[in-house]
Structures are given as C-alpha cells and as structure tokens.
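S.K.: This is query00.cif, which holds mmCIF, C-alpha atoms:
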```cif
data_target
#
loop_
_atom_site.label_atom_id
_atom_site.label_comp_id
_atom_site.auth_asym_id
_atom_site.auth_seq_id
_atom_site.Cartn_x
_atom_site.Cartn_y
_atom_site.Cartn_z
CA MET A 1 -16.01 -43.90 -1.21
CA PRO A 2 -17.47 -46.56 1.10
CA VAL A 3 -21.25 -46.79 1.21
CA PHE A 4 -22.19 -45.14 4.49
CA LEU A 5 -24.21 -42.34 6.02
CA SER A 6 -23.33 -40.59 9.26
CA HIS A 7 -22.92 -37.42 11.23
CA PHE A 8 -19.39 -36.61 10.09
CA THR A 9 -18.52 -35.14 13.47
CA HIS A 10 -18.46 -38.65 14.88
CA MET A 11 -15.62 -40.95 13.87
CA VAL A 12 -15.50 -44.58 14.89
CA MET A 13 -14.22 -48.06 15.95
CA ILE A 14 -16.02 -50.36 18.24
CA TRP A 15 -14.09 -52.31 20.79
CA PHE A 16 -15.89 -55.59 21.41
CA ARG A 17 -14.75 -56.41 24.93
CA LYS A 18 -16.57 -59.73 25.02
CA MET A 19 -16.61 -60.67 21.35
CA ARG A 20 -14.15 -61.95 18.81
CA LEU A 21 -14.17 -60.39 15.35
CA THR A 22 -13.64 -62.16 12.04
CA TYR A 23 -13.32 -59.60 9.24
CA GLY A 24 -15.61 -57.30 11.19
CA VAL A 25 -18.32 -59.86 11.97
CA PRO A 26 -19.07 -60.75 15.60
CA GLY A 27 -18.54 -64.27 16.89
CA ARG A 28 -21.73 -66.28 16.59
CA HIS A 29 -23.33 -65.98 19.99
CA SER A 30 -26.06 -63.81 21.45
CA ILE A 31 -25.01 -60.43 22.81
CA ARG A 32 -28.54 -59.27 23.64
CA LEU A 33 -28.79 -57.86 27.15
CA PRO A 34 -31.15 -59.95 29.31
CA GLY A 35 -34.23 -57.95 30.17
CA HIS A 36 -33.23 -54.91 28.10
CA ASP A 37 -36.08 -53.03 26.42
CA TYR A 38 -34.94 -52.56 22.80
CA SER A 39 -37.73 -50.07 22.13
CA GLN A 40 -36.36 -47.53 24.59
CA ILE A 41 -34.34 -44.43 23.74
CA GLY A 42 -30.76 -45.33 22.90
CA GLN A 43 -28.19 -46.13 20.21
CA TYR A 44 -27.76 -49.65 18.87
CA PHE A 45 -24.87 -51.09 16.84
CA ILE A 46 -26.39 -53.63 14.43
CA THR A 47 -24.70 -56.34 12.34
CA ILE A 48 -26.73 -58.39 9.86
CA CYS A 49 -24.94 -61.17 7.98
CA ALA A 50 -25.68 -62.72 4.60
CA CYS A 51 -26.85 -66.32 4.36
CA GLU A 52 -23.86 -68.66 4.66
CA MET A 53 -21.67 -65.52 4.67
CA ARG A 54 -21.82 -65.43 0.88
CA ASN A 55 -20.86 -62.21 -0.92
CA VAL A 56 -24.42 -61.47 -2.00
CA PHE A 57 -24.20 -57.66 -1.81
CA GLY A 58 -21.17 -56.95 -3.97
CA LYS A 59 -17.39 -56.73 -3.65
CA ILE A 60 -14.53 -54.57 -2.38
CA ALA A 61 -12.34 -52.91 -5.02
CA ASN A 62 -9.48 -50.58 -4.04
CA GLY A 63 -10.91 -50.12 -0.57
CA THR A 64 -14.32 -49.16 -1.94
CA VAL A 65 -17.60 -51.06 -1.68
CA VAL A 66 -19.08 -51.87 -5.09
CA LEU A 67 -22.68 -53.01 -4.65
CA ASN A 68 -24.52 -55.32 -7.02
CA GLU A 69 -28.30 -55.19 -7.52
CA ILE A 70 -29.09 -57.00 -4.27
CA GLY A 71 -26.71 -54.68 -2.44
CA ARG A 72 -28.40 -51.61 -3.90
CA ILE A 73 -31.80 -52.94 -2.84
CA ALA A 74 -30.49 -53.54 0.67
CA LEU A 75 -28.96 -50.04 0.78
CA ASP A 76 -32.14 -48.33 -0.44
CA CYS A 77 -34.25 -50.20 2.12
CA TRP A 78 -31.85 -49.23 4.93
CA ARG A 79 -32.07 -45.56 3.97
CA GLU A 80 -35.87 -45.84 4.04
CA ILE A 81 -36.07 -47.20 7.60
CA PRO A 82 -36.99 -43.77 9.07
CA GLU A 83 -39.85 -43.50 6.57
CA HIS A 84 -41.44 -46.60 8.10
CA PHE A 85 -40.26 -46.14 11.69
CA ALA A 86 -40.41 -42.39 12.27
CA HIS A 87 -38.92 -42.67 15.76
CA VAL A 88 -35.70 -44.27 14.40
CA GLU A 89 -32.75 -42.31 13.00
CA LEU A 90 -29.81 -43.59 10.96
CA ASP A 91 -26.25 -42.96 12.02
CA ALA A 92 -23.10 -44.49 10.50
CA PHE A 93 -23.58 -47.56 8.35
CA VAL A 94 -21.68 -49.58 5.77
CA PHE A 95 -22.65 -52.35 3.37
CA MET A 96 -19.98 -55.01 2.97
CA PRO A 97 -20.01 -57.93 0.49
CA ASN A 98 -21.48 -60.34 3.04
CA HIS A 99 -22.74 -58.25 5.96
CA VAL A 100 -24.18 -54.92 7.01
CA HIS A 101 -23.06 -52.74 9.93
CA GLY A 102 -25.18 -49.84 11.11
CA ILE A 103 -26.04 -47.72 14.11
CA LEU A 104 -29.75 -47.15 14.73
CA THR A 105 -30.71 -44.39 17.12
CA ILE A 106 -34.03 -44.10 18.95
CA PRO A 107 -34.02 -40.46 20.14
CA ARG A 108 -37.66 -40.43 21.21
CA PRO A 109 -40.37 -42.97 22.10
CA HIS A 110 -42.46 -44.70 19.46
CA PRO A 111 -45.61 -42.67 18.62
CA ASP A 112 -47.77 -45.42 20.11
CA GLN A 113 -46.11 -44.70 23.46
CA HIS A 114 -47.75 -41.26 23.60
CA CYS A 115 -47.65 -39.25 26.80
CA GLY A 116 -49.63 -36.08 27.38
CA SER A 117 -47.72 -32.87 27.89
CA ILE A 118 -47.45 -31.06 31.18
CA GLU A 119 -49.64 -28.31 29.72
CA GLU A 120 -52.36 -30.89 29.06
CA GLY A 121 -52.19 -31.96 32.65
CA HIS A 122 -51.21 -35.50 31.79
CA GLY A 123 -48.21 -37.60 32.62
CA CYS A 124 -46.63 -40.90 31.64
CA PRO A 125 -47.68 -43.88 33.75
CA VAL A 126 -44.65 -45.77 35.01
CA PRO A 127 -45.09 -49.45 34.09
CA LEU A 128 -44.35 -52.05 36.71
CA GLN A 129 -42.58 -54.05 34.01
CA ARG A 130 -41.49 -52.97 30.55
CA PRO A 131 -43.07 -54.82 27.60
CA LEU A 132 -40.11 -56.83 26.32
CA GLU A 133 -39.70 -58.37 22.86
CA ARG A 134 -40.58 -62.07 22.96
CA PHE A 135 -40.77 -64.86 20.41
CA GLN A 136 -43.85 -64.26 18.20
CA ARG A 137 -44.78 -61.30 20.43
CA PRO A 138 -42.99 -58.38 18.77
CA THR A 139 -42.86 -55.00 20.49
CA VAL A 140 -44.00 -52.17 18.24
CA GLY A 141 -41.05 -50.02 17.24
CA ALA A 142 -38.42 -52.14 19.01
CA ILE A 143 -35.07 -52.75 17.33
CA PRO A 144 -35.84 -56.46 16.66
CA THR A 145 -39.07 -55.39 14.93
CA VAL A 146 -37.21 -52.82 12.79
CA VAL A 147 -34.53 -55.33 11.76
CA ARG A 148 -37.06 -58.08 11.04
CA SER A 149 -39.12 -55.75 8.83
CA TYR A 150 -35.99 -54.56 7.02
CA LYS A 151 -34.76 -58.08 6.27
CA GLN A 152 -38.18 -59.21 5.07
CA THR A 153 -38.54 -56.21 2.75
CA VAL A 154 -35.08 -56.69 1.20
CA THR A 155 -35.78 -60.38 0.62
CA TYR A 156 -39.17 -59.70 -0.94
CA LEU A 157 -37.87 -57.01 -3.32
CA ALA A 158 -34.77 -58.97 -4.34
CA ARG A 159 -36.80 -62.10 -5.10
CA GLU A 160 -39.27 -60.07 -7.10
CA ARG A 161 -36.75 -58.08 -9.16
CA LEU A 162 -34.46 -61.03 -9.84
CA THR A 163 -37.38 -63.46 -10.34
CA ARG A 164 -35.76 -65.87 -7.87
CA PRO A 165 -38.56 -66.85 -5.47
CA SER A 166 -36.34 -69.06 -3.31
CA LEU A 167 -33.41 -66.64 -3.01
CA ALA A 168 -31.92 -66.72 0.51
CA ILE A 169 -30.22 -63.47 1.52
CA TRP A 170 -29.90 -63.31 5.29
CA GLN A 171 -28.84 -65.41 8.21
CA SER A 172 -31.80 -66.03 10.50
CA ASN A 173 -30.28 -64.07 13.38
CA TYR A 174 -28.52 -60.74 13.72
CA TYR A 175 -26.19 -59.10 16.23
CA GLU A 176 -26.69 -55.99 18.29
CA ARG A 177 -24.84 -54.00 20.91
CA VAL A 178 -26.18 -51.19 23.06
CA LEU A 179 -23.87 -48.16 22.83
CA ARG A 180 -23.81 -46.80 26.35
CA ASP A 181 -22.03 -43.49 25.87
CA GLY A 182 -20.35 -41.14 23.41
CA GLU A 183 -17.06 -43.02 23.54
CA GLU A 184 -18.67 -46.30 22.51
CA PHE A 185 -20.60 -44.48 19.77
CA ALA A 186 -17.39 -42.93 18.44
CA LYS A 187 -15.55 -46.26 18.45
CA ALA A 188 -18.43 -47.99 16.69
CA SER A 189 -18.63 -45.27 14.05
CA ARG A 190 -14.90 -45.44 13.30
CA TYR A 191 -15.11 -49.19 12.99
CA ILE A 192 -17.87 -48.81 10.42
CA PHE A 193 -15.92 -46.25 8.37
CA GLU A 194 -12.78 -48.39 8.40
CA ASN A 195 -14.47 -51.70 7.65
CA PRO A 196 -13.91 -51.72 3.84
CA MET A 197 -10.18 -51.02 4.25
CA LYS A 198 -9.85 -53.64 6.99
CA TRP A 199 -11.66 -56.17 4.78
CA GLN A 200 -9.24 -55.59 1.90
CA ALA A 201 -6.19 -55.73 4.19
CA ALA A 202 -7.39 -59.00 5.71
CA THR A 203 -8.04 -60.47 2.25
CA HIS A 204 -4.53 -59.58 1.09
CA ARG A 205 -3.05 -61.40 4.09
CA LEU A 206 -4.77 -64.67 3.16
#
```
The structure given in the file should be rewritten as structure tokens.
M.R.:
Amino acid sequence: MPVFLSHFTHMVMIWFRKMRLTYGVPGRHSIRLPGHDYSQIGQYFITICACEMRNVFGKIANGTVVLNEIGRIALDCWREIPEHFAHVELDAFVFMPNHVHGILTIPRPHPDQHCGSIEEGHGCPVPLQRPLERFQRPTVGAIPTVVRSYKQTVTYLARERLTRPSLAIWQSNYYERVLRDGEEFAKASRYIFENPMKWQAATHRL
C-alpha cells in the first residue's frame, strides 16, 4: 500500500489551474498568496521536493512506495508534526522517491493566539493588520514555520544516523496551495492517493 494517512471518507486529485505538473511536482514558481496569513485556520496542500530531485527517500515497486532509511525518517517526522504543533492536524499524505505531498489542516488557532471565552467576559481583539510571515521573522505556528522545522529535523536526524554531516536532502523552497473548499480538498486527496500509480505509469512511458 502507498505510504499515506488520511480520513478515508475523503478521496482526492488536485487540479492545478495555474500550475503545470511534472510527475506530480508543481512547476518551479511561487504559488503563495500575497498577503495571506498562513497561520490562520484552513487546509494547505504542501509539496516538498528532494535536493536536485534525487530519489533520496526510496523507490516505487509495483505501484507501492518502498522507503529507505531516509524515507522512514522523513515519514516518522511527518507523523510527529502534531506532537510539536498541537494546532496542526495531518490529512492525506504520500512519500514519493523524490518528493512529499501532504495536506496540513489548522482547525483552530495556535495556543499563543489565546482568546478568552464569552463566559470569562473577554473577546478577541481584531488586529488592524495580520502578522504575516516574513524573511527571518517567522510567525509562530504558521505553515512556513511548520515546514521549516520539519525539514530541519529530518536533515539533522538523517545526517546523524547515517554519519553524513554534509548530506543534502531538501530543495531550499517548498510549494503550497490553500484549499478553499471541500471540492478542492477532495481533489487534492485523490491526487495524493493516486501519485504512486501515476509515477509508475509515467516512468513506463519514458
């Protein structure tokens, strides 16, 4: 079976209206929404690619993902994201030989964004401007912060276990798409489930 975790009631395929796909990997350009607060409640389709698109995580055999040691480290760290970011939930994900697809859901605000309850007589102040993620000014609990922490942890553990201190695993950037409704979520989920089979079919056509 492919390596994934999801609510099985949701099946998927994402339709990238403004992006070209190459074996399931977005074209290399930014798709981040200008001014969007990536710490707010929502669902985010994430793609993280391996350095130089090398098959560092494993291989596809008979439509199934077979992870190597680096791939297993990356998988374990992904599953542990909610342990480090309690406001983030995992939906469908898949680990491919040279990239990772996953949907991260923020169903509630980060704990640091605490608001008193109505019973306490408190309310949430409405900011004049949302605190947006900026270069070297990370927003606590935002998707870029979660992804950055994940990538750093995988790299650290892989270098340590394989005793390869200069091992490069990831591309410097990653790709994200805000899923605006249930239809987009369903399409994205199906795409994730089908990715191993599409990879093998594309390879056979080469």
S.K.: Going by the chain IDs and residue numbers used in this file, which residues fall under the PyMOL selection byres ((chain A and resi 94) around 12)? Write them as a PDB file with C-alpha atoms, keeping the file's coordinate frame.
M.R.:
```
ATOM      1  CA  MET A   1     -16.010 -43.900  -1.210  1.00  0.00           C
ATOM      2  CA  PRO A   2     -17.470 -46.560   1.100  1.00  0.00           C
ATOM      3  CA  VAL A   3     -21.250 -46.790   1.210  1.00  0.00           C
ATOM      4  CA  PHE A   4     -22.190 -45.140   4.490  1.00  0.00           C
ATOM      5  CA  LEU A   5     -24.210 -42.340   6.020  1.00  0.00           C
ATOM      6  CA  SER A   6     -23.330 -40.590   9.260  1.00  0.00           C
ATOM      7  CA  GLY A  24     -15.610 -57.300  11.190  1.00  0.00           C
ATOM      8  CA  PHE A  45     -24.870 -51.090  16.840  1.00  0.00           C
ATOM      9  CA  ILE A  46     -26.390 -53.630  14.430  1.00  0.00           C
ATOM     10  CA  THR A  47     -24.700 -56.340  12.340  1.00  0.00           C
ATOM     11  CA  ILE A  48     -26.730 -58.390   9.860  1.00  0.00           C
ATOM     12  CA  PHE A  57     -24.200 -57.660  -1.810  1.00  0.00           C
ATOM     13  CA  ILE A  60     -14.530 -54.570  -2.380  1.00  0.00           C
ATOM     14  CA  THR A  64     -14.320 -49.160  -1.940  1.00  0.00           C
ATOM     15  CA  VAL A  65     -17.600 -51.060  -1.680  1.00  0.00           C
ATOM     16  CA  VAL A  66     -19.080 -51.870  -5.090  1.00  0.00           C
ATOM     17  CA  LEU A  67     -22.680 -53.010  -4.650  1.00  0.00           C
ATOM     18  CA  GLY A  71     -26.710 -54.680  -2.440  1.00  0.00           C
ATOM     19  CA  ARG A  72     -28.400 -51.610  -3.900  1.00  0.00           C
ATOM     20  CA  ALA A  74     -30.490 -53.540   0.670  1.00  0.00           C
ATOM     21  CA  LEU A  75     -28.960 -50.040   0.780  1.00  0.00           C
ATOM     22  CA  TRP A  78     -31.850 -49.230   4.930  1.00  0.00           C
ATOM     23  CA  ARG A  79     -32.070 -45.560   3.970  1.00  0.00           C
ATOM     24  CA  LEU A  90     -29.810 -43.590  10.960  1.00  0.00           C
ATOM     25  CA  ASP A  91     -26.250 -42.960  12.020  1.00  0.00           C
ATOM     26  CA  ALA A  92     -23.100 -44.490  10.500  1.00  0.00           C
ATOM     27  CA  PHE A  93     -23.580 -47.560   8.350  1.00  0.00           C
ATOM     28  CA  PHE A  95     -22.650 -52.350   3.370  1.00  0.00           C
ATOM     29  CA  MET A  96     -19.980 -55.010   2.970  1.00  0.00           C
ATOM     30  CA  PRO A  97     -20.010 -57.930   0.490  1.00  0.00           C
ATOM     31  CA  ASN A  98     -21.480 -60.340   3.040  1.00  0.00           C
ATOM     32  CA  HIS A  99     -22.740 -58.250   5.960  1.00  0.00           C
ATOM     33  CA  VAL A 100     -24.180 -54.920   7.010  1.00  0.00           C
ATOM     34  CA  HIS A 101     -23.060 -52.740   9.930  1.00  0.00           C
ATOM     35  CA  GLY A 102     -25.180 -49.840  11.110  1.00  0.00           C
ATOM     36  CA  ILE A 103     -26.040 -47.720  14.110  1.00  0.00           C
ATOM     37  CA  ALA A 188     -18.430 -47.990  16.690  1.00  0.00           C
ATOM     38  CA  SER A 189     -18.630 -45.270  14.050  1.00  0.00           C
ATOM     39  CA  ARG A 190     -14.900 -45.440  13.300  1.00  0.00           C
ATOM     40  CA  TYR A 191     -15.110 -49.190  12.990  1.00  0.00           C
ATOM     41  CA  ILE A 192     -17.870 -48.810  10.420  1.00  0.00           C
ATOM     42  CA  PHE A 193     -15.920 -46.250   8.370  1.00  0.00           C
ATOM     43  CA  GLU A 194     -12.780 -48.390   8.400  1.00  0.00           C
ATOM     44  CA  ASN A 195     -14.470 -51.700   7.650  1.00  0.00           C
ATOM     45  CA  PRO A 196     -13.910 -51.720   3.840  1.00  0.00           C
ATOM     46  CA  MET A 197     -10.180 -51.020   4.250  1.00  0.00           C
TER      47      MET A 197
END
```
S.K.: Could you expand the PyMOL selection byres ((chain A and resi 172) around 12) into the explicit residues it covers here, written as a PDB file with C-alpha atoms, in the coordinates of the input?
M.R.:
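Below you can see out34.pdb, which holds the result:
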```
ATOM      1  CA  ARG A  28     -21.730 -66.280  16.590  1.00  0.00           C
ATOM      2  CA  ILE A  48     -26.730 -58.390   9.860  1.00  0.00           C
ATOM      3  CA  CYS A  49     -24.940 -61.170   7.980  1.00  0.00           C
ATOM      4  CA  ALA A  50     -25.680 -62.720   4.600  1.00  0.00           C
ATOM      5  CA  CYS A  51     -26.850 -66.320   4.360  1.00  0.00           C
ATOM      6  CA  GLU A  52     -23.860 -68.660   4.660  1.00  0.00           C
ATOM      7  CA  MET A  53     -21.670 -65.520   4.670  1.00  0.00           C
ATOM      8  CA  VAL A 147     -34.530 -55.330  11.760  1.00  0.00           C
ATOM      9  CA  ARG A 148     -37.060 -58.080  11.040  1.00  0.00           C
ATOM     10  CA  LYS A 151     -34.760 -58.080   6.270  1.00  0.00           C
ATOM     11  CA  GLN A 152     -38.180 -59.210   5.070  1.00  0.00           C
ATOM     12  CA  ALA A 168     -31.920 -66.720   0.510  1.00  0.00           C
ATOM     13  CA  ILE A 169     -30.220 -63.470   1.520  1.00  0.00           C
ATOM     14  CA  TRP A 170     -29.900 -63.310   5.290  1.00  0.00           C
ATOM     15  CA  GLN A 171     -28.840 -65.410   8.210  1.00  0.00           C
ATOM     16  CA  ASN A 173     -30.280 -64.070  13.380  1.00  0.00           C
ATOM     17  CA  TYR A 174     -28.520 -60.740  13.720  1.00  0.00           C
ATOM     18  CA  TYR A 175     -26.190 -59.100  16.230  1.00  0.00           C
TER      19      TYR A 175
END
```
S.K.: Using all atoms listed in the file and a cutoff of 7 Å, can you tell me which residues are near (-37.3, -43.5, 15.3) in the file's coordinates, and write them out as number ranges by chain?
M.R.: A: 82, 85-89, 105-108, 110
S.K.: Separation of CA of Ala158 (chain A) and CA of Ile73 (chain A), in Å?
M.R.: 6.9 Å
S.K.: In Å, rounded to a single decimal, give me how far CA of Asp76 (chain A) is from CA of Lys59 (chain A).
M.R.: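 Those two atoms sit 17.3 Å apart.
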